[in-house]
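Data first, discussion second: the structure below is written as structure tokens.
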Amino acid sequence: MEKRSGFRFTAYQKPELSPFEKLFDIFQELITHTSGDVDEALDWLRELDKEYELTDEDYTIDDFIEDLKAKGFLREEPKFGPEGEGEGEEGGPSLSITSKLERMLRQRALDQIFGKLRRRGSGNHRTGKAGSGDEHTGDFRAYRFGDGLEHISMTESLKNAQVNHGMDQFRLDEGDLVVEDTHFKAQMSTVLMIDISHSMILYGEDRITPAKKVAMALAELITTRYPKDTLDILVFGNDAWPITVKELPYLKVGPYHTNTVAGLQLALDLLRRKRNTNKQIFMITDGKPSCLRMPDGTYYKNSVGLDDFIVEQCYNMASQARKLHIPITTFMIARDPYLMQFVRHFTEANKGKALFTGLKGLGEMIFEDYEQNRKRRLRG
């Protein structure tokens, strides 16, 4: 009797995780919340262990810490006393995260927020012009003299050879060769502005951690999927300053007001230096603009309502960005009617976009907007 082959379906079984893997997943979440403070994250982990019995006598938290060090996720650094020499008051070395763990945190944020993205060639940077670019279109054509060898589709070409010449004696002729069309690629320069004013942790809601995760995920997305794009990240409170991707896990909220104008000024300065034709600003904020730095270096602050003087400066910055053809997308983590009205006027002055959102779904919205903006704005 002829043996038949086919599919066999079985019930899904969740893969068994080692004790280290279970704790490591929790630890990565905690280290993001504690802004890279290893001691605080481990204190939280010990508390969770007491409540939920995460470990047993065969594998303890101390074993987990030793594994973190052995695997290159934590490093020991000496603690210095008040004179800068010797050990600190608590004695012993302190623990800090390594660049290896920083990279894993970015990848984890990307997986959490955007899901397991399937890498599609070099990205979706289409200008509508076919030619000797480096992004595949999925369309095939016959080989022409001058086509690069790297663009030949070997799978389709071999298939043609088998059809045209048979299987008895394999032969591959020029007429069998098939080339996959490509598009020229344009670039996108993005500045991500993150509000770190005190309100980002007020009212019992941690808003800075989701913002950090979004920034880490966006950075990981661009470097892995759109390597020709650029991403600059800046934070704004009383002032604004750029930060590197490596600084994101350690980002904290300060006792600041909200100087939106300073953030926009810095964002435009960063984008003016880019040679790309396509530029955009993403701004994550939860509060109203309440601060300006005056020409003499002093600060003008007003946290009561919307200050007309501050608001007018924000509108001016929005108009300036519009003249430079730089759209601003504002992700507003607040629902106060008067603040929403301000953002609408601000968006109208820029001809940009405003998205009023809570913390849930913030990452997905930014990802979708990033993809839509580049598809809509990239042009030849």
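Identifiers in this document derive from the order of the structure tokens: chains are assigned A, B, ..., residues are numbered from 1 separately in each chain, and ligands are numbered from 1 in order of occurrence.
All residues of protein, DNA or RNA that reach within 12 Å of region 51-67 of chain A, judged by only C-alpha atoms and not counting those fewer than 6 positions away in the chain, are Ser18, Pro19, Phe20, Glu21, Lys22, Leu23, Phe24, Asp25, Ile26, Phe27, Val38, Asp39, Ala41, Leu42, Asp43, Trp44, Leu45, Phe73, Leu74, Arg75, Glu76, Leu95, Ser96 and Ile97 of chain A.
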Selection from above, N, CA, C and O atoms, as a short mmCIF file (atom, residue, chain, number, x, y, z; two decimals), in the first residue's frame, can you write it?
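Contents of selection-v2.cif, as written:
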```cif
data_model
loop_
_atom_site.label_atom_id
_atom_site.label_comp_id
_atom_site.auth_asym_id
_atom_site.auth_seq_id
_atom_site.Cartn_x
_atom_site.Cartn_y
_atom_site.Cartn_z
N SER A 18 13.91 28.43 30.64
CA SER A 18 14.80 28.15 31.77
C SER A 18 14.55 29.17 32.88
O SER A 18 13.97 30.23 32.62
N PRO A 19 14.96 28.87 34.11
CA PRO A 19 14.80 29.84 35.20
C PRO A 19 15.42 31.19 34.86
O PRO A 19 14.85 32.23 35.19
N PHE A 20 16.57 31.17 34.19
CA PHE A 20 17.20 32.44 33.81
C PHE A 20 16.33 33.21 32.83
O PHE A 20 16.13 34.43 32.98
N GLU A 21 15.78 32.54 31.81
CA GLU A 21 14.98 33.22 30.80
C GLU A 21 13.73 33.84 31.40
O GLU A 21 13.33 34.95 31.03
N LYS A 22 13.11 33.14 32.35
CA LYS A 22 11.91 33.68 32.99
C LYS A 22 12.23 34.95 33.76
O LYS A 22 11.52 35.96 33.66
N LEU A 23 13.31 34.93 34.53
CA LEU A 23 13.69 36.09 35.32
C LEU A 23 14.21 37.22 34.43
O LEU A 23 13.98 38.40 34.71
N PHE A 24 14.89 36.86 33.36
CA PHE A 24 15.49 37.87 32.49
C PHE A 24 14.41 38.71 31.81
O PHE A 24 14.57 39.92 31.62
N ASP A 25 13.31 38.09 31.43
CA ASP A 25 12.22 38.83 30.80
C ASP A 25 11.66 39.87 31.77
O ASP A 25 11.40 41.02 31.39
N ILE A 26 11.47 39.48 33.03
CA ILE A 26 10.97 40.41 34.04
C ILE A 26 12.00 41.50 34.32
O ILE A 26 11.66 42.68 34.45
N PHE A 27 13.26 41.11 34.41
CA PHE A 27 14.33 42.06 34.72
C PHE A 27 14.44 43.15 33.66
O PHE A 27 14.64 44.33 33.99
N VAL A 38 20.25 49.43 38.32
CA VAL A 38 20.27 47.98 38.51
C VAL A 38 19.87 47.60 39.93
O VAL A 38 19.10 46.66 40.13
N ASP A 39 20.39 48.32 40.91
CA ASP A 39 20.07 48.00 42.30
C ASP A 39 18.58 48.08 42.57
O ASP A 39 18.00 47.21 43.22
N ALA A 41 16.16 47.86 40.33
CA ALA A 41 15.49 46.80 39.58
C ALA A 41 15.60 45.46 40.30
O ALA A 41 14.63 44.69 40.37
N LEU A 42 16.77 45.18 40.87
CA LEU A 42 16.96 43.92 41.60
C LEU A 42 16.15 43.91 42.90
O LEU A 42 15.65 42.86 43.31
N ASP A 43 16.02 45.07 43.54
CA ASP A 43 15.17 45.15 44.74
C ASP A 43 13.73 44.80 44.40
O ASP A 43 13.06 44.06 45.14
N TRP A 44 13.25 45.34 43.27
CA TRP A 44 11.89 45.02 42.84
C TRP A 44 11.76 43.53 42.51
O TRP A 44 10.75 42.90 42.81
N LEU A 45 12.80 42.99 41.89
CA LEU A 45 12.76 41.57 41.52
C LEU A 45 12.71 40.69 42.76
O LEU A 45 11.99 39.68 42.79
N PHE A 73 25.63 40.91 30.50
CA PHE A 73 24.55 41.88 30.59
C PHE A 73 24.78 42.91 31.70
O PHE A 73 24.24 44.02 31.63
N LEU A 74 25.54 42.55 32.71
CA LEU A 74 25.88 43.46 33.80
C LEU A 74 27.39 43.51 33.97
O LEU A 74 28.08 42.52 33.71
N ARG A 75 27.87 44.64 34.41
CA ARG A 75 29.29 44.75 34.74
C ARG A 75 29.42 45.40 36.12
O ARG A 75 28.56 46.18 36.54
N GLU A 76 30.50 45.06 36.78
CA GLU A 76 30.78 45.62 38.10
C GLU A 76 31.67 46.83 37.96
O GLU A 76 32.64 46.84 37.20
N LEU A 95 26.70 47.69 40.29
CA LEU A 95 26.37 47.01 39.04
C LEU A 95 25.75 48.00 38.07
O LEU A 95 24.94 48.84 38.46
N SER A 96 26.10 47.87 36.80
CA SER A 96 25.50 48.70 35.76
C SER A 96 25.28 47.83 34.53
O SER A 96 25.91 46.78 34.36
N ILE A 97 24.36 48.26 33.68
CA ILE A 97 24.06 47.47 32.49
C ILE A 97 25.10 47.73 31.41
O ILE A 97 25.73 48.79 31.37
#
```
DSSP on the backbone, then: every residue of region 131-267 of chain A marked helix (DSSP H, G or I), written as number ranges by chain.
-> A: 149-151, 154-165, 174-176, 198-201, 208-225, 245-250, 260-267
Can those selected residues be exported to a file as a PDB file, in the first residue's frame so that it contains C-alpha atoms?
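Once everything was written out, this is selection.pdb:
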```
ATOM      1  CA  LEU A 149      24.659  40.523 -11.475  1.00  0.00           C
ATOM      2  CA  GLU A 150      23.328  41.218  -7.991  1.00  0.00           C
ATOM      3  CA  HIS A 151      19.891  41.961  -9.460  1.00  0.00           C
ATOM      4  CA  MET A 154      18.559  32.994  -9.688  1.00  0.00           C
ATOM      5  CA  THR A 155      15.380  31.177  -8.700  1.00  0.00           C
ATOM      6  CA  GLU A 156      13.398  32.514 -11.663  1.00  0.00           C
ATOM      7  CA  SER A 157      16.374  32.145 -14.020  1.00  0.00           C
ATOM      8  CA  LEU A 158      16.942  28.488 -13.089  1.00  0.00           C
ATOM      9  CA  LYS A 159      13.245  27.813 -13.501  1.00  0.00           C
ATOM     10  CA  ASN A 160      13.399  29.261 -17.038  1.00  0.00           C
ATOM     11  CA  ALA A 161      16.455  27.131 -17.858  1.00  0.00           C
ATOM     12  CA  GLN A 162      14.636  23.946 -16.834  1.00  0.00           C
ATOM     13  CA  VAL A 163      11.546  24.878 -18.833  1.00  0.00           C
ATOM     14  CA  ASN A 164      13.479  25.993 -21.927  1.00  0.00           C
ATOM     15  CA  HIS A 165      16.128  23.244 -22.078  1.00  0.00           C
ATOM     16  CA  GLU A 174      21.461  34.643 -21.385  1.00  0.00           C
ATOM     17  CA  GLY A 175      17.886  34.330 -22.615  1.00  0.00           C
ATOM     18  CA  ASP A 176      16.966  32.452 -19.444  1.00  0.00           C
ATOM     19  CA  HIS A 198       7.425  66.855  35.728  1.00  0.00           C
ATOM     20  CA  SER A 199       3.874  66.160  34.567  1.00  0.00           C
ATOM     21  CA  MET A 200       5.121  63.039  32.769  1.00  0.00           C
ATOM     22  CA  ILE A 201       5.042  61.232  36.132  1.00  0.00           C
ATOM     23  CA  ILE A 208       7.946  58.549  30.536  1.00  0.00           C
ATOM     24  CA  THR A 209       8.523  54.767  30.348  1.00  0.00           C
ATOM     25  CA  PRO A 210       6.201  54.278  27.331  1.00  0.00           C
ATOM     26  CA  ALA A 211       7.855  57.284  25.669  1.00  0.00           C
ATOM     27  CA  LYS A 212      11.281  55.718  26.244  1.00  0.00           C
ATOM     28  CA  LYS A 213      10.116  52.425  24.809  1.00  0.00           C
ATOM     29  CA  VAL A 214       8.753  54.148  21.722  1.00  0.00           C
ATOM     30  CA  ALA A 215      12.056  55.945  21.182  1.00  0.00           C
ATOM     31  CA  MET A 216      14.079  52.743  21.618  1.00  0.00           C
ATOM     32  CA  ALA A 217      11.784  50.843  19.264  1.00  0.00           C
ATOM     33  CA  LEU A 218      11.834  53.572  16.629  1.00  0.00           C
ATOM     34  CA  ALA A 219      15.629  53.734  16.788  1.00  0.00           C
ATOM     35  CA  GLU A 220      15.870  49.968  16.392  1.00  0.00           C
ATOM     36  CA  LEU A 221      13.357  49.989  13.531  1.00  0.00           C
ATOM     37  CA  ILE A 222      15.233  52.644  11.584  1.00  0.00           C
ATOM     38  CA  THR A 223      18.707  51.167  12.072  1.00  0.00           C
ATOM     39  CA  THR A 224      17.613  47.654  11.092  1.00  0.00           C
ATOM     40  CA  ARG A 225      14.910  48.260   8.490  1.00  0.00           C
ATOM     41  CA  VAL A 245      20.161  56.164  21.674  1.00  0.00           C
ATOM     42  CA  LYS A 246      22.479  54.740  24.347  1.00  0.00           C
ATOM     43  CA  GLU A 247      21.084  57.247  26.869  1.00  0.00           C
ATOM     44  CA  LEU A 248      17.445  56.198  26.404  1.00  0.00           C
ATOM     45  CA  PRO A 249      17.303  53.452  29.060  1.00  0.00           C
ATOM     46  CA  TYR A 250      18.528  55.981  31.641  1.00  0.00           C
ATOM     47  CA  THR A 260       8.017  73.436  23.644  1.00  0.00           C
ATOM     48  CA  VAL A 261       9.564  76.304  21.685  1.00  0.00           C
ATOM     49  CA  ALA A 262      13.106  75.291  22.712  1.00  0.00           C
ATOM     50  CA  GLY A 263      12.407  71.725  21.592  1.00  0.00           C
ATOM     51  CA  LEU A 264      11.121  72.860  18.207  1.00  0.00           C
ATOM     52  CA  GLN A 265      14.047  75.245  17.705  1.00  0.00           C
ATOM     53  CA  LEU A 266      16.527  72.452  18.348  1.00  0.00           C
ATOM     54  CA  ALA A 267      14.584  70.034  16.117  1.00  0.00           C
TER      55      ALA A 267
END
```
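Note that the spacing between CA of Ile328 (chain A) and CA of Ile281 (chain A) amounts to 4.7 Å.
Excluding Phe145 (chain A) itself and any same-chain residue fewer than 2 positions from it, the protein and nucleic acid residues within 12 Å of it, counting only C-alpha atoms, are A:Ala142, A:Tyr143, A:Asp147, A:Gly148, A:Leu149, A:Ile152, A:Glu174, A:Gly175, A:Leu177, A:Val178, A:Val179.
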With C-alpha atoms retained, export the selected residues as a PDB file, in the first residue's frame.
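out.pdb written:
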```pdb
ATOM      1  CA  ALA A 142      14.242  39.907 -19.032  1.00  0.00           C
ATOM      2  CA  TYR A 143      17.953  40.513 -18.516  1.00  0.00           C
ATOM      3  CA  ASP A 147      22.209  44.906 -15.549  1.00  0.00           C
ATOM      4  CA  GLY A 148      24.149  44.162 -12.389  1.00  0.00           C
ATOM      5  CA  LEU A 149      24.659  40.523 -11.475  1.00  0.00           C
ATOM      6  CA  ILE A 152      19.540  38.627 -11.277  1.00  0.00           C
ATOM      7  CA  GLU A 174      21.461  34.643 -21.385  1.00  0.00           C
ATOM      8  CA  GLY A 175      17.886  34.330 -22.615  1.00  0.00           C
ATOM      9  CA  LEU A 177      18.110  35.215 -17.126  1.00  0.00           C
ATOM     10  CA  VAL A 178      15.497  37.219 -15.263  1.00  0.00           C
ATOM     11  CA  VAL A 179      16.122  40.466 -13.382  1.00  0.00           C
TER      12      VAL A 179
END
```
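Proximity ranking of A:Leu355, A:Asp286, A:His257, A:Ala318 relative to Asp336 (chain A) places A:Asp286 first, based on only C-alpha atoms.
Nearest-residue note for Pro337 (chain A): choosing from A:Leu359, A:Leu306, A:Ala349, A:Val311, the minimum distance belongs to A:Leu306, counting only C-alpha atoms.
Compared by their closest atoms to Met365 (chain A), and using only C-alpha atoms, the residues A:Leu172, A:Met332, A:Lys252, A:Arg275 rank with A:Met332 nearest.
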Determine which residues of region 218-310 of chain A DSSP labels as strand (DSSP E or B) from the backbone of this structure, then write them out as a PDB file with N, CA, C and O atoms, in the first residue's frame.
```pdb
ATOM      1  N   THR A 230      17.647  58.674   9.060  1.00  0.00           N
ATOM      2  CA  THR A 230      18.296  59.157  10.277  1.00  0.00           C
ATOM      3  C   THR A 230      17.242  59.451  11.326  1.00  0.00           C
ATOM      4  O   THR A 230      16.114  59.840  11.008  1.00  0.00           O
ATOM      5  N   LEU A 231      17.612  59.244  12.579  1.00  0.00           N
ATOM      6  CA  LEU A 231      16.738  59.566  13.702  1.00  0.00           C
ATOM      7  C   LEU A 231      17.547  60.327  14.739  1.00  0.00           C
ATOM      8  O   LEU A 231      18.566  59.844  15.226  1.00  0.00           O
ATOM      9  N   ASP A 232      17.111  61.530  15.047  1.00  0.00           N
ATOM     10  CA  ASP A 232      17.658  62.309  16.157  1.00  0.00           C
ATOM     11  C   ASP A 232      16.612  62.358  17.251  1.00  0.00           C
ATOM     12  O   ASP A 232      15.412  62.531  16.974  1.00  0.00           O
ATOM     13  N   ILE A 233      17.061  62.215  18.489  1.00  0.00           N
ATOM     14  CA  ILE A 233      16.147  62.242  19.630  1.00  0.00           C
ATOM     15  C   ILE A 233      16.547  63.399  20.535  1.00  0.00           C
ATOM     16  O   ILE A 233      17.730  63.589  20.834  1.00  0.00           O
ATOM     17  N   LEU A 234      15.561  64.179  20.935  1.00  0.00           N
ATOM     18  CA  LEU A 234      15.833  65.254  21.880  1.00  0.00           C
ATOM     19  C   LEU A 234      14.773  65.242  22.969  1.00  0.00           C
ATOM     20  O   LEU A 234      13.662  64.723  22.781  1.00  0.00           O
ATOM     21  N   VAL A 235      15.135  65.790  24.105  1.00  0.00           N
ATOM     22  CA  VAL A 235      14.201  65.919  25.218  1.00  0.00           C
ATOM     23  C   VAL A 235      14.037  67.400  25.524  1.00  0.00           C
ATOM     24  O   VAL A 235      14.946  68.205  25.276  1.00  0.00           O
ATOM     25  N   PHE A 236      12.867  67.747  26.053  1.00  0.00           N
ATOM     26  CA  PHE A 236      12.653  69.151  26.381  1.00  0.00           C
ATOM     27  C   PHE A 236      11.913  69.288  27.702  1.00  0.00           C
ATOM     28  O   PHE A 236      10.960  68.564  27.990  1.00  0.00           O
ATOM     29  N   ALA A 240      16.019  72.392  25.997  1.00  0.00           N
ATOM     30  CA  ALA A 240      15.997  71.206  25.140  1.00  0.00           C
ATOM     31  C   ALA A 240      17.424  70.813  24.824  1.00  0.00           C
ATOM     32  O   ALA A 240      18.295  71.675  24.659  1.00  0.00           O
ATOM     33  N   TRP A 241      17.674  69.519  24.746  1.00  0.00           N
ATOM     34  CA  TRP A 241      19.007  69.041  24.386  1.00  0.00           C
ATOM     35  C   TRP A 241      18.891  67.675  23.725  1.00  0.00           C
ATOM     36  O   TRP A 241      17.969  66.910  24.016  1.00  0.00           O
ATOM     37  N   PRO A 242      19.836  67.372  22.823  1.00  0.00           N
ATOM     38  CA  PRO A 242      19.790  66.063  22.143  1.00  0.00           C
ATOM     39  C   PRO A 242      20.324  64.977  23.059  1.00  0.00           C
ATOM     40  O   PRO A 242      21.175  65.217  23.925  1.00  0.00           O
ATOM     41  N   ILE A 243      19.835  63.765  22.875  1.00  0.00           N
ATOM     42  CA  ILE A 243      20.350  62.610  23.597  1.00  0.00           C
ATOM     43  C   ILE A 243      20.650  61.514  22.583  1.00  0.00           C
ATOM     44  O   ILE A 243      20.098  61.503  21.476  1.00  0.00           O
ATOM     45  N   ASN A 278      13.431  64.818   2.598  1.00  0.00           N
ATOM     46  CA  ASN A 278      12.261  64.446   3.388  1.00  0.00           C
ATOM     47  C   ASN A 278      12.581  64.520   4.870  1.00  0.00           C
ATOM     48  O   ASN A 278      13.464  63.807   5.354  1.00  0.00           O
ATOM     49  N   LYS A 279      11.871  65.373   5.578  1.00  0.00           N
ATOM     50  CA  LYS A 279      12.142  65.604   6.988  1.00  0.00           C
ATOM     51  C   LYS A 279      10.819  65.682   7.741  1.00  0.00           C
ATOM     52  O   LYS A 279       9.807  66.130   7.206  1.00  0.00           O
ATOM     53  N   GLN A 280      10.837  65.274   9.001  1.00  0.00           N
ATOM     54  CA  GLN A 280       9.630  65.326   9.812  1.00  0.00           C
ATOM     55  C   GLN A 280       9.993  65.391  11.285  1.00  0.00           C
ATOM     56  O   GLN A 280      11.090  65.020  11.691  1.00  0.00           O
ATOM     57  N   ILE A 281       9.040  65.857  12.081  1.00  0.00           N
ATOM     58  CA  ILE A 281       9.197  65.941  13.532  1.00  0.00           C
ATOM     59  C   ILE A 281       8.048  65.187  14.185  1.00  0.00           C
ATOM     60  O   ILE A 281       6.881  65.385  13.827  1.00  0.00           O
ATOM     61  N   PHE A 282       8.374  64.310  15.122  1.00  0.00           N
ATOM     62  CA  PHE A 282       7.397  63.664  15.988  1.00  0.00           C
ATOM     63  C   PHE A 282       7.564  64.258  17.385  1.00  0.00           C
ATOM     64  O   PHE A 282       8.683  64.293  17.907  1.00  0.00           O
ATOM     65  N   MET A 283       6.483  64.672  17.981  1.00  0.00           N
ATOM     66  CA  MET A 283       6.547  65.256  19.317  1.00  0.00           C
ATOM     67  C   MET A 283       5.611  64.511  20.263  1.00  0.00           C
ATOM     68  O   MET A 283       4.405  64.448  20.023  1.00  0.00           O
ATOM     69  N   ILE A 284       6.160  63.942  21.328  1.00  0.00           N
ATOM     70  CA  ILE A 284       5.370  63.265  22.357  1.00  0.00           C
ATOM     71  C   ILE A 284       5.293  64.185  23.569  1.00  0.00           C
ATOM     72  O   ILE A 284       6.321  64.519  24.167  1.00  0.00           O
ATOM     73  N   THR A 285       4.106  64.603  23.926  1.00  0.00           N
ATOM     74  CA  THR A 285       3.942  65.509  25.062  1.00  0.00           C
ATOM     75  C   THR A 285       2.618  65.252  25.746  1.00  0.00           C
ATOM     76  O   THR A 285       1.690  64.722  25.143  1.00  0.00           O
ATOM     77  N   CYS A 291       6.768  77.465  29.426  1.00  0.00           N
ATOM     78  CA  CYS A 291       8.068  78.053  29.707  1.00  0.00           C
ATOM     79  C   CYS A 291       8.715  78.558  28.423  1.00  0.00           C
ATOM     80  O   CYS A 291       8.557  77.958  27.358  1.00  0.00           O
ATOM     81  N   LEU A 292       9.435  79.672  28.540  1.00  0.00           N
ATOM     82  CA  LEU A 292      10.242  80.206  27.450  1.00  0.00           C
ATOM     83  C   LEU A 292      11.567  80.688  28.022  1.00  0.00           C
ATOM     84  O   LEU A 292      11.617  81.198  29.147  1.00  0.00           O
ATOM     85  N   ARG A 293      12.629  80.534  27.266  1.00  0.00           N
ATOM     86  CA  ARG A 293      13.911  81.113  27.652  1.00  0.00           C
ATOM     87  C   ARG A 293      14.046  82.453  26.952  1.00  0.00           C
ATOM     88  O   ARG A 293      14.003  82.525  25.723  1.00  0.00           O
ATOM     89  N   TYR A 299      14.166  82.753  32.500  1.00  0.00           N
ATOM     90  CA  TYR A 299      13.038  81.937  32.072  1.00  0.00           C
ATOM     91  C   TYR A 299      11.726  82.636  32.388  1.00  0.00           C
ATOM     92  O   TYR A 299      11.527  83.154  33.488  1.00  0.00           O
ATOM     93  N   TYR A 300      10.861  82.649  31.406  1.00  0.00           N
ATOM     94  CA  TYR A 300       9.502  83.130  31.611  1.00  0.00           C
ATOM     95  C   TYR A 300       8.618  81.903  31.775  1.00  0.00           C
ATOM     96  O   TYR A 300       8.533  81.072  30.868  1.00  0.00           O
ATOM     97  N   LYS A 301       7.974  81.755  32.934  1.00  0.00           N
ATOM     98  CA  LYS A 301       7.189  80.565  33.233  1.00  0.00           C
ATOM     99  C   LYS A 301       5.775  80.950  33.655  1.00  0.00           C
ATOM    100  O   LYS A 301       5.579  81.938  34.357  1.00  0.00           O
TER     101      LYS A 301
END
```
In Å, rounded to a single decimal, give me how far CA of Met294 (chain A) is from CA of Arg322 (chain A).
-> 23.7 Å
